[in-house]
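Asks: If you scroll down you'll find the structure; I have some questions about it.
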Protein chains: 2
Amino acid sequence: MRADEAAADKKALEEGAAFTPRFSDDGLIVCVTVDHRSGEVLMLAHMNRQALDETLASGIMHYWSRSRGALWRKGDTSGQVQSLVELRVDCDQDALLARVMVGGDGGACHTGRRSCFYRRVETVGGARLVPTT
Amino acid sequence: MRADEAAADKKALEEGAAFTPRFSDDGLIVCVTVDHRSGEVLMLAHMNRQALDETLASGIMHYWSRSRGALWRKGDTSGQVQSLVELRVDCDQDALLARVMVGGDGGACHTGRRSCFYRRVETVGGARLVPTT
């Protein structure tokens with residue numbers, strides 16, 4: 001590719017109206033999911049093409065479970081169904097940001113917490129984890 | 001590994017005080033970075049072990065640039081240095097959440113925007129990107 005073509009591609013990717021999500025070599029794209037009302041970061045997960053398509057078609061968050069190797073409609077077993085309010089993509093289109101309304105008990109983490117990010121790293125005297133409130 | 005050992009490992013990972021970040025096969029872990037004051041999601045990037053160690057040691061966000069294949073002290077060229085306020089880890093310790101104070105012009109995106117997530121996906125009449133305000 002010539003330099004001017006590469007620059008045009010970069011401009012289209014970053015400034016254009018075409019949604020061209022860039023999946024990794026493993027076919028996945030990362031998605032940050034936040035609570036629509038509070039803005040709290042609830043979880044981070046991955047989507048493959050199918051999960052993204054089904055999310056956009058249904059308005060319900062679908063992910064790709066890397067541990068299970070399967071499409072995962074969040075909430076199918078927990079009731080914590082996530083309704084998509086807004087989906088954003090980042091500058092180079094290799095990350096997604098979903099704002100969602102959470103059903104069920106309002107949580108997103110399989111441990112029972114609202115957010116998966118329930119521990120902070122404390123570095124005084126060596127790194128260790130401390131529960132957040 | 002026996003089932004009870006696997007369960008103990010999972011419990012330590014999810015409920016323990018030991019910070020044992022799980023890097024992918026490529027040696028990276030994903031980090032969501034949010035503005036400490038507003039809670040806005042600014043960017044998503046990756047860290048290798050060195051970037052994480054230097055971040056914790058210095059209190060300044062370091063990432064691993066996948067495009068450049070190099071350690072990246074955010075803000076070295078842009079002035080948008082990010083001071084770490086709090087680092088969290090998720091349930092299975094394969095994702096990080098950093099709350100930061102942003103220096104320079106307060107932005108995080110190389111395009112000049114405050115956040116990298118400046119476009120939303122509009123699905124009416126086929127997926128396309130629309131600038132957010």
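Each chain in the structure tokens gets a letter, A, B and so on, in the order shown; residues start at 1 in every chain, and ligands are counted from 1 in the order they appear.
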Determine, counting only C-alpha atoms, which protein, DNA and RNA residues have an atom within 7 Å of an atom of region 84-100 of chain A; residues of the same chain fewer than 3 positions away are not included. Present the result as a PyMOL selection string.

Replies: (chain A and resi 13-14+20-23+29-36+59-61) or (chain B and resi 116-121)

Asks: Least-squares align chain A to chain B using all Cα atoms paired by position, then dump the moved coordinates as a CSV table (one decimal) with N, CA and C atoms, in the first residue's frame.

Replies:
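Final output, saved to superposed.csv:
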```csv
chain,number,residue,atom,x,y,z
A,1,MET,N,-5.0,-31.3,37.2
A,1,MET,CA,-5.5,-30.7,38.4
A,1,MET,C,-6.8,-31.4,38.9
A,2,ARG,N,-6.9,-31.7,40.1
A,2,ARG,CA,-8.2,-32.3,40.6
A,2,ARG,C,-9.2,-31.2,40.7
A,3,ALA,N,-10.5,-31.6,40.8
A,3,ALA,CA,-11.6,-30.6,40.8
A,3,ALA,C,-11.5,-29.7,42.0
A,4,ASP,N,-11.1,-30.3,43.2
A,4,ASP,CA,-11.1,-29.4,44.4
A,4,ASP,C,-10.0,-28.4,44.3
A,5,GLU,N,-8.9,-28.8,43.7
A,5,GLU,CA,-7.8,-27.9,43.5
A,5,GLU,C,-8.1,-26.8,42.5
A,6,ALA,N,-8.8,-27.1,41.5
A,6,ALA,CA,-9.3,-26.1,40.5
A,6,ALA,C,-10.2,-25.1,41.2
A,7,ALA,N,-11.1,-25.6,42.0
A,7,ALA,CA,-12.1,-24.8,42.7
A,7,ALA,C,-11.3,-23.8,43.7
A,8,ALA,N,-10.3,-24.4,44.4
A,8,ALA,CA,-9.5,-23.5,45.3
A,8,ALA,C,-8.8,-22.4,44.5
A,9,ASP,N,-8.2,-22.8,43.4
A,9,ASP,CA,-7.5,-21.8,42.5
A,9,ASP,C,-8.5,-20.7,42.1
A,10,LYS,N,-9.7,-21.1,41.7
A,10,LYS,CA,-10.7,-20.1,41.2
A,10,LYS,C,-11.1,-19.2,42.4
A,11,LYS,N,-11.2,-19.8,43.6
A,11,LYS,CA,-11.6,-19.0,44.7
A,11,LYS,C,-10.5,-18.0,45.1
A,12,ALA,N,-9.2,-18.4,45.0
A,12,ALA,CA,-8.1,-17.5,45.3
A,12,ALA,C,-8.1,-16.4,44.3
A,13,LEU,N,-8.3,-16.8,43.0
A,13,LEU,CA,-8.3,-15.8,41.9
A,13,LEU,C,-9.4,-14.7,42.1
A,14,GLU,N,-10.5,-15.2,42.5
A,14,GLU,CA,-11.7,-14.3,42.5
A,14,GLU,C,-11.9,-13.6,43.9
A,15,GLU,N,-11.5,-14.3,44.9
A,15,GLU,CA,-11.8,-13.7,46.3
A,15,GLU,C,-10.5,-13.4,47.1
A,16,GLY,N,-9.4,-13.8,46.6
A,16,GLY,CA,-8.1,-13.6,47.4
A,16,GLY,C,-7.6,-12.2,47.3
A,17,ALA,N,-6.5,-12.0,48.1
A,17,ALA,CA,-5.8,-10.7,48.2
A,17,ALA,C,-4.6,-10.7,47.3
A,18,ALA,N,-4.3,-11.8,46.7
A,18,ALA,CA,-3.1,-11.9,45.8
A,18,ALA,C,-3.4,-11.3,44.5
A,19,PHE,N,-2.6,-10.3,44.1
A,19,PHE,CA,-2.7,-9.8,42.7
A,19,PHE,C,-1.9,-10.6,41.7
A,20,THR,N,-2.7,-11.4,41.0
A,20,THR,CA,-2.0,-12.3,40.0
A,20,THR,C,-2.6,-12.1,38.6
A,21,PRO,N,-2.3,-10.9,38.0
A,21,PRO,CA,-2.8,-10.6,36.7
A,21,PRO,C,-2.5,-11.7,35.7
A,22,ARG,N,-3.6,-12.0,34.9
A,22,ARG,CA,-3.4,-13.1,33.9
A,22,ARG,C,-3.2,-12.5,32.5
A,23,PHE,N,-2.0,-12.5,32.1
A,23,PHE,CA,-1.6,-12.0,30.7
A,23,PHE,C,-2.0,-13.1,29.7
A,24,SER,N,-2.4,-12.6,28.5
A,24,SER,CA,-2.7,-13.5,27.4
A,24,SER,C,-1.5,-14.2,26.9
A,25,ASP,N,-1.7,-15.1,26.0
A,25,ASP,CA,-0.6,-15.8,25.4
A,25,ASP,C,0.4,-14.8,24.7
A,26,ASP,N,-0.1,-13.7,24.3
A,26,ASP,CA,0.8,-12.7,23.7
A,26,ASP,C,1.5,-11.8,24.8
A,27,GLY,N,1.2,-12.1,26.1
A,27,GLY,CA,1.9,-11.4,27.1
A,27,GLY,C,1.2,-10.1,27.5
A,28,LEU,N,0.0,-9.9,27.1
A,28,LEU,CA,-0.7,-8.6,27.3
A,28,LEU,C,-2.0,-8.8,28.1
A,29,ILE,N,-2.3,-7.7,28.8
A,29,ILE,CA,-3.6,-7.6,29.6
A,29,ILE,C,-4.3,-6.3,29.2
A,30,VAL,N,-5.6,-6.4,29.0
A,30,VAL,CA,-6.3,-5.2,28.6
A,30,VAL,C,-6.6,-4.3,29.8
A,31,CYS,N,-6.5,-3.0,29.5
A,31,CYS,CA,-6.8,-2.0,30.5
A,31,CYS,C,-7.8,-0.9,30.0
A,32,VAL,N,-8.9,-0.7,30.8
A,32,VAL,CA,-9.8,0.3,30.5
A,32,VAL,C,-9.4,1.5,31.4
A,33,THR,N,-9.3,2.7,30.8
A,33,THR,CA,-8.9,3.8,31.5
A,33,THR,C,-10.0,4.9,31.5
A,34,VAL,N,-10.4,5.3,32.7
A,34,VAL,CA,-11.5,6.2,32.9
A,34,VAL,C,-11.0,7.5,33.6
A,35,ASP,N,-11.7,8.6,33.3
A,35,ASP,CA,-11.4,9.9,34.0
A,35,ASP,C,-11.8,9.8,35.4
A,36,HIS,N,-10.9,10.1,36.3
A,36,HIS,CA,-11.2,10.0,37.8
A,36,HIS,C,-12.4,10.9,38.2
A,37,ARG,N,-12.4,12.1,37.6
A,37,ARG,CA,-13.5,13.0,38.1
A,37,ARG,C,-14.8,12.7,37.5
A,38,SER,N,-14.9,12.5,36.2
A,38,SER,CA,-16.2,12.3,35.5
A,38,SER,C,-16.6,10.8,35.4
A,39,GLY,N,-15.6,9.9,35.5
A,39,GLY,CA,-15.9,8.5,35.3
A,39,GLY,C,-16.0,8.1,33.8
A,40,GLU,N,-15.8,9.1,33.0
A,40,GLU,CA,-15.9,8.8,31.5
A,40,GLU,C,-14.9,7.8,31.1
A,41,VAL,N,-15.3,6.9,30.2
A,41,VAL,CA,-14.3,6.0,29.6
A,41,VAL,C,-13.5,6.7,28.6
A,42,LEU,N,-12.2,6.8,28.8
A,42,LEU,CA,-11.3,7.6,27.9
A,42,LEU,C,-10.8,6.7,26.8
A,43,MET,N,-10.3,5.5,27.1
A,43,MET,CA,-9.6,4.7,26.1
A,43,MET,C,-9.5,3.3,26.6
A,44,LEU,N,-9.1,2.4,25.7
A,44,LEU,CA,-8.8,1.1,26.1
A,44,LEU,C,-7.4,0.7,25.4
A,45,ALA,N,-6.5,0.2,26.2
A,45,ALA,CA,-5.2,-0.2,25.7
A,45,ALA,C,-4.7,-1.4,26.4
A,46,HIS,N,-3.5,-1.8,26.1
A,46,HIS,CA,-2.9,-3.1,26.6
A,46,HIS,C,-1.7,-2.8,27.4
A,47,MET,N,-1.4,-3.6,28.3
A,47,MET,CA,-0.2,-3.6,29.1
A,47,MET,C,0.5,-4.9,29.0
A,48,ASN,N,1.9,-4.9,29.0
A,48,ASN,CA,2.6,-6.1,29.2
A,48,ASN,C,3.1,-6.0,30.7
A,49,ARG,N,3.8,-7.0,31.1
A,49,ARG,CA,4.3,-7.0,32.5
A,49,ARG,C,5.1,-5.8,32.9
A,50,GLN,N,5.9,-5.4,31.9
A,50,GLN,CA,6.8,-4.2,32.2
A,50,GLN,C,5.9,-2.9,32.3
A,51,ALA,N,5.0,-2.8,31.4
A,51,ALA,CA,4.1,-1.6,31.5
A,51,ALA,C,3.4,-1.5,32.8
A,52,LEU,N,2.9,-2.7,33.2
A,52,LEU,CA,2.1,-2.7,34.5
A,52,LEU,C,3.0,-2.4,35.7
A,53,ASP,N,4.2,-3.0,35.7
A,53,ASP,CA,5.2,-2.7,36.8
A,53,ASP,C,5.6,-1.3,36.8
A,54,GLU,N,5.8,-0.7,35.7
A,54,GLU,CA,6.3,0.7,35.6
A,54,GLU,C,5.1,1.6,36.0
A,55,THR,N,3.9,1.3,35.6
A,55,THR,CA,2.8,2.1,36.1
A,55,THR,C,2.6,2.1,37.6
A,56,LEU,N,2.7,0.9,38.2
A,56,LEU,CA,2.6,0.8,39.6
A,56,LEU,C,3.7,1.5,40.4
A,57,ALA,N,4.9,1.4,39.8
A,57,ALA,CA,6.1,1.9,40.5
A,57,ALA,C,6.1,3.5,40.4
A,58,SER,N,5.7,4.0,39.2
A,58,SER,CA,5.8,5.4,39.0
A,58,SER,C,4.5,6.2,39.2
A,59,GLY,N,3.3,5.5,39.2
A,59,GLY,CA,2.1,6.2,39.3
A,59,GLY,C,1.7,6.9,38.0
A,60,ILE,N,2.4,6.7,37.0
A,60,ILE,CA,2.1,7.2,35.6
A,60,ILE,C,1.8,6.1,34.7
A,61,MET,N,0.7,6.2,33.9
A,61,MET,CA,0.2,5.1,33.1
A,61,MET,C,1.2,4.8,32.0
A,62,HIS,N,1.6,3.5,31.9
A,62,HIS,CA,2.4,3.0,30.8
A,62,HIS,C,1.6,1.9,30.1
A,63,TYR,N,1.7,1.9,28.8
A,63,TYR,CA,1.0,0.8,28.1
A,63,TYR,C,2.0,0.1,27.2
A,64,TRP,N,1.5,-0.9,26.5
A,64,TRP,CA,2.3,-1.5,25.4
A,64,TRP,C,1.6,-1.2,24.1
A,65,SER,N,2.3,-0.5,23.3
A,65,SER,CA,1.8,-0.2,22.0
A,65,SER,C,1.9,-1.4,21.0
A,66,ARG,N,0.7,-2.0,20.7
A,66,ARG,CA,0.8,-3.1,19.8
A,66,ARG,C,1.2,-2.7,18.4
A,67,SER,N,0.8,-1.5,18.0
A,67,SER,CA,1.1,-1.1,16.6
A,67,SER,C,2.6,-0.8,16.5
A,68,ARG,N,3.2,-0.2,17.5
A,68,ARG,CA,4.6,0.1,17.4
A,68,ARG,C,5.5,-1.0,18.0
A,69,GLY,N,4.9,-1.9,18.8
A,69,GLY,CA,5.7,-3.0,19.4
A,69,GLY,C,6.6,-2.4,20.4
A,70,ALA,N,6.2,-1.4,21.2
A,70,ALA,CA,7.1,-0.7,22.2
A,70,ALA,C,6.3,-0.3,23.4
A,71,LEU,N,7.1,-0.2,24.5
A,71,LEU,CA,6.6,0.3,25.7
A,71,LEU,C,6.2,1.8,25.5
A,72,TRP,N,5.1,2.2,26.1
A,72,TRP,CA,4.5,3.5,25.7
A,72,TRP,C,4.1,4.2,27.0
A,73,ARG,N,4.9,5.2,27.3
A,73,ARG,CA,4.5,6.1,28.5
A,73,ARG,C,3.5,7.1,27.9
A,74,LYS,N,2.3,6.9,28.2
A,74,LYS,CA,1.2,7.8,27.6
A,74,LYS,C,1.5,9.3,27.9
A,75,GLY,N,1.5,10.1,26.9
A,75,GLY,CA,1.7,11.5,27.1
A,75,GLY,C,3.1,12.0,26.9
A,76,ASP,N,4.0,11.1,26.6
A,76,ASP,CA,5.4,11.5,26.3
A,76,ASP,C,5.5,12.5,25.2
A,77,THR,N,4.7,12.3,24.2
A,77,THR,CA,4.8,13.2,23.0
A,77,THR,C,3.6,14.2,23.1
A,78,SER,N,2.5,13.8,23.6
A,78,SER,CA,1.3,14.6,23.5
A,78,SER,C,1.1,15.5,24.8
A,79,GLY,N,1.8,15.2,25.8
A,79,GLY,CA,1.6,15.9,27.1
A,79,GLY,C,0.5,15.4,27.9
A,80,GLN,N,-0.3,14.4,27.3
A,80,GLN,CA,-1.5,13.9,28.0
A,80,GLN,C,-1.1,12.8,29.0
A,81,VAL,N,-0.2,13.2,29.9
A,81,VAL,CA,0.2,12.2,30.9
A,81,VAL,C,-0.9,11.8,31.8
A,82,GLN,N,-1.0,10.6,32.1
A,82,GLN,CA,-2.1,10.1,33.0
A,82,GLN,C,-1.6,9.6,34.3
A,83,SER,N,-2.0,10.3,35.4
A,83,SER,CA,-1.6,10.0,36.7
A,83,SER,C,-2.6,9.0,37.3
A,84,LEU,N,-2.1,7.9,37.7
A,84,LEU,CA,-2.9,6.8,38.3
A,84,LEU,C,-3.5,7.2,39.6
A,85,VAL,N,-4.8,7.1,39.7
A,85,VAL,CA,-5.5,7.4,41.0
A,85,VAL,C,-5.8,6.1,41.7
A,86,GLU,N,-6.3,5.1,40.9
A,86,GLU,CA,-6.7,3.8,41.4
A,86,GLU,C,-6.7,2.8,40.3
A,87,LEU,N,-6.1,1.6,40.6
A,87,LEU,CA,-6.1,0.5,39.7
A,87,LEU,C,-7.0,-0.6,40.3
A,88,ARG,N,-7.9,-1.1,39.5
A,88,ARG,CA,-8.7,-2.2,39.9
A,88,ARG,C,-8.5,-3.4,38.9
A,89,VAL,N,-8.8,-4.6,39.4
A,89,VAL,CA,-8.7,-5.8,38.6
A,89,VAL,C,-10.1,-6.5,38.6
A,90,ASP,N,-10.4,-7.2,37.5
A,90,ASP,CA,-11.7,-7.8,37.5
A,90,ASP,C,-11.7,-9.2,38.2
A,91,CYS,N,-12.8,-9.8,38.2
A,91,CYS,CA,-13.0,-11.1,39.0
A,91,CYS,C,-12.0,-12.1,38.6
A,92,ASP,N,-11.8,-12.4,37.3
A,92,ASP,CA,-10.8,-13.4,37.0
A,92,ASP,C,-9.4,-12.9,36.6
A,93,GLN,N,-9.2,-11.7,37.0
A,93,GLN,CA,-7.9,-11.0,36.9
A,93,GLN,C,-7.3,-11.0,35.5
A,94,ASP,N,-8.2,-10.9,34.5
A,94,ASP,CA,-7.6,-10.7,33.1
A,94,ASP,C,-8.0,-9.4,32.5
A,95,ALA,N,-8.4,-8.4,33.3
A,95,ALA,CA,-8.7,-7.1,32.8
A,95,ALA,C,-8.4,-6.1,34.0
A,96,LEU,N,-8.0,-4.9,33.6
A,96,LEU,CA,-7.7,-3.9,34.5
A,96,LEU,C,-8.5,-2.6,34.3
A,97,LEU,N,-8.8,-1.9,35.3
A,97,LEU,CA,-9.6,-0.7,35.3
A,97,LEU,C,-8.8,0.4,36.0
A,98,ALA,N,-8.3,1.4,35.2
A,98,ALA,CA,-7.5,2.5,35.8
A,98,ALA,C,-8.3,3.8,35.9
A,99,ARG,N,-8.3,4.4,37.1
A,99,ARG,CA,-8.9,5.7,37.2
A,99,ARG,C,-7.7,6.7,37.2
A,100,VAL,N,-7.8,7.7,36.3
A,100,VAL,CA,-6.6,8.6,36.1
A,100,VAL,C,-7.0,10.0,36.1
A,101,MET,N,-6.0,10.9,36.4
A,101,MET,CA,-6.1,12.3,36.2
A,101,MET,C,-5.3,12.6,35.0
A,102,VAL,N,-5.9,13.3,34.0
A,102,VAL,CA,-5.2,13.5,32.8
A,102,VAL,C,-4.5,14.9,32.7
A,103,GLY,N,-3.2,14.9,32.3
A,103,GLY,CA,-2.5,16.2,32.2
A,103,GLY,C,-2.7,16.8,30.8
A,104,GLY,N,-1.9,17.8,30.5
A,104,GLY,CA,-1.9,18.4,29.2
A,104,GLY,C,-3.3,19.1,29.0
A,105,ASP,N,-3.8,18.8,27.8
A,105,ASP,CA,-5.1,19.5,27.5
A,105,ASP,C,-6.3,18.6,28.0
A,106,GLY,N,-6.0,17.6,28.7
A,106,GLY,CA,-7.1,16.8,29.4
A,106,GLY,C,-7.6,15.7,28.5
A,107,GLY,N,-7.1,15.6,27.3
A,107,GLY,CA,-7.6,14.6,26.4
A,107,GLY,C,-6.8,13.3,26.5
A,108,ALA,N,-7.4,12.3,25.8
A,108,ALA,CA,-6.7,11.0,25.8
A,108,ALA,C,-6.5,10.4,24.4
A,109,CYS,N,-7.2,11.0,23.4
A,109,CYS,CA,-7.2,10.4,22.1
A,109,CYS,C,-6.3,11.1,21.2
A,110,HIS,N,-5.6,10.4,20.4
A,110,HIS,CA,-4.6,11.0,19.5
A,110,HIS,C,-5.3,11.9,18.4
A,111,THR,N,-6.6,11.7,18.2
A,111,THR,CA,-7.3,12.5,17.2
A,111,THR,C,-7.6,13.9,17.7
A,112,GLY,N,-7.4,14.1,19.0
A,112,GLY,CA,-7.7,15.4,19.6
A,112,GLY,C,-8.9,15.4,20.5
A,113,ARG,N,-9.7,14.3,20.4
A,113,ARG,CA,-10.9,14.2,21.3
A,113,ARG,C,-10.4,13.9,22.7
A,114,ARG,N,-11.3,14.2,23.6
A,114,ARG,CA,-11.1,13.8,25.0
A,114,ARG,C,-11.1,12.3,25.2
A,115,SER,N,-12.1,11.6,24.6
A,115,SER,CA,-12.2,10.2,24.7
A,115,SER,C,-12.0,9.6,23.3
A,116,CYS,N,-11.5,8.3,23.3
A,116,CYS,CA,-11.4,7.6,22.0
A,116,CYS,C,-12.8,7.2,21.5
A,117,PHE,N,-13.8,7.2,22.4
A,117,PHE,CA,-15.1,6.6,22.0
A,117,PHE,C,-16.0,7.8,21.6
A,118,TYR,N,-15.7,8.4,20.5
A,118,TYR,CA,-16.4,9.6,20.0
A,118,TYR,C,-17.4,9.4,19.0
A,119,ARG,N,-17.7,8.1,18.6
A,119,ARG,CA,-18.7,7.8,17.6
A,119,ARG,C,-19.6,6.6,18.1
A,120,ARG,N,-20.9,6.8,17.9
A,120,ARG,CA,-21.8,5.7,18.3
A,120,ARG,C,-22.2,5.0,17.0
A,121,VAL,N,-22.6,3.7,17.2
A,121,VAL,CA,-23.1,2.9,16.1
A,121,VAL,C,-24.6,3.1,16.0
A,122,GLU,N,-25.0,3.6,14.8
A,122,GLU,CA,-26.4,3.8,14.5
A,122,GLU,C,-26.9,2.7,13.6
A,123,THR,N,-27.9,2.0,14.0
A,123,THR,CA,-28.3,0.8,13.2
A,123,THR,C,-29.5,1.0,12.3
A,124,VAL,N,-30.1,2.1,12.4
A,124,VAL,CA,-31.3,2.3,11.5
A,124,VAL,C,-30.8,2.5,10.1
A,125,GLY,N,-31.3,1.6,9.2
A,125,GLY,CA,-31.0,1.6,7.8
A,125,GLY,C,-29.5,1.1,7.5
A,126,GLY,N,-29.1,0.2,8.3
A,126,GLY,CA,-27.7,-0.3,8.2
A,126,GLY,C,-26.7,0.4,9.1
A,127,ALA,N,-25.8,-0.4,9.7
A,127,ALA,CA,-24.9,0.2,10.7
A,127,ALA,C,-24.0,1.3,10.1
A,128,ARG,N,-24.0,2.4,10.8
A,128,ARG,CA,-23.1,3.5,10.4
A,128,ARG,C,-22.7,4.2,11.7
A,129,LEU,N,-21.7,5.0,11.6
A,129,LEU,CA,-21.2,5.7,12.8
A,129,LEU,C,-21.6,7.2,12.8
A,130,VAL,N,-22.0,7.7,13.9
A,130,VAL,CA,-22.5,9.0,14.1
A,130,VAL,C,-21.6,9.7,15.2
A,131,PRO,N,-21.2,10.9,15.0
A,131,PRO,CA,-20.4,11.5,16.1
A,131,PRO,C,-21.3,11.7,17.3
A,132,THR,N,-20.7,11.6,18.5
A,132,THR,CA,-21.4,11.9,19.7
A,132,THR,C,-21.0,13.3,20.1
A,133,THR,N,-21.8,13.9,20.9
A,133,THR,CA,-21.6,15.3,21.3
A,133,THR,C,-20.7,15.3,22.6
```

Asks: Could you please write out, as a VMD selection string, every residue of chain A that DSSP assigns to strand (DSSP E or B)?

Replies: chain A and resid 18 29 to 35 41 to 47 60 62 to 65 70 to 73 82 to 89 95 to 102 119 to 122 128 to 131

Asks: Limited to C-alpha atoms, could you put the picked residues into a file as a tab-separated table (two decimals), in the first residue's frame?

Replies:
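Saved as part-v6.tsv:
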```
chain	number	residue	atom	x	y	z
A	18	ALA	CA	-18.44	3.31	8.04
A	29	ILE	CA	-13.08	-7.62	19.64
A	30	VAL	CA	-13.07	-6.35	23.21
A	31	CYS	CA	-16.15	-4.67	24.68
A	32	VAL	CA	-16.32	-2.49	27.79
A	33	THR	CA	-19.79	-2.51	29.27
A	34	VAL	CA	-21.01	0.31	31.50
A	35	ASP	CA	-24.22	0.95	33.39
A	41	VAL	CA	-17.83	0.09	34.40
A	42	LEU	CA	-19.52	-3.26	34.94
A	43	MET	CA	-17.42	-5.73	32.99
A	44	LEU	CA	-15.13	-6.34	30.09
A	45	ALA	CA	-15.77	-9.15	27.64
A	46	HIS	CA	-15.20	-10.16	24.04
A	47	MET	CA	-17.41	-10.44	20.99
A	60	ILE	CA	-29.58	-7.59	23.93
A	62	HIS	CA	-24.25	-11.12	23.36
A	63	TYR	CA	-20.61	-11.98	23.97
A	64	TRP	CA	-18.21	-14.73	23.06
A	65	SER	CA	-17.20	-16.78	26.07
A	70	ALA	CA	-19.43	-20.47	22.89
A	71	LEU	CA	-21.77	-17.62	22.07
A	72	TRP	CA	-23.07	-16.18	25.32
A	73	ARG	CA	-26.28	-14.26	25.66
A	82	GLN	CA	-28.27	-6.42	29.42
A	83	SER	CA	-30.34	-4.20	27.14
A	84	LEU	CA	-28.19	-2.14	24.84
A	85	VAL	CA	-28.77	1.60	25.09
A	86	GLU	CA	-25.82	2.82	23.03
A	87	LEU	CA	-22.85	1.18	21.36
A	88	ARG	CA	-19.71	3.19	20.62
A	89	VAL	CA	-16.50	2.30	18.86
A	95	ALA	CA	-12.70	-1.70	20.90
A	96	LEU	CA	-16.37	-1.26	21.73
A	97	LEU	CA	-18.11	0.61	24.54
A	98	ALA	CA	-21.64	-0.49	25.39
A	99	ARG	CA	-24.01	1.41	27.64
A	100	VAL	CA	-26.60	-0.98	29.01
A	101	MET	CA	-29.61	-1.29	31.29
A	102	VAL	CA	-29.18	-4.36	33.46
A	119	ARG	CA	-10.98	-5.07	44.07
A	120	ARG	CA	-8.35	-2.41	43.86
A	121	VAL	CA	-4.61	-2.94	43.73
A	122	GLU	CA	-2.88	-1.65	46.84
A	128	ARG	CA	-2.19	-6.90	47.03
A	129	LEU	CA	-5.91	-6.66	46.43
A	130	VAL	CA	-8.32	-4.81	48.67
A	131	PRO	CA	-12.10	-4.94	48.33
```

Asks: Enumerate the residues of region 20-68 of chain A with a DSSP assignment of alpha helix (DSSP H), computed from the backbone, and present them as a list in words.

Replies: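 DSSP-assigned alpha helix (DSSP H) residues in region 20-68 of chain A: Arg49, Gln50, Ala51, Leu52, Asp53, Glu54, Thr55, Leu56, Ala57 and Ser58 of chain A.
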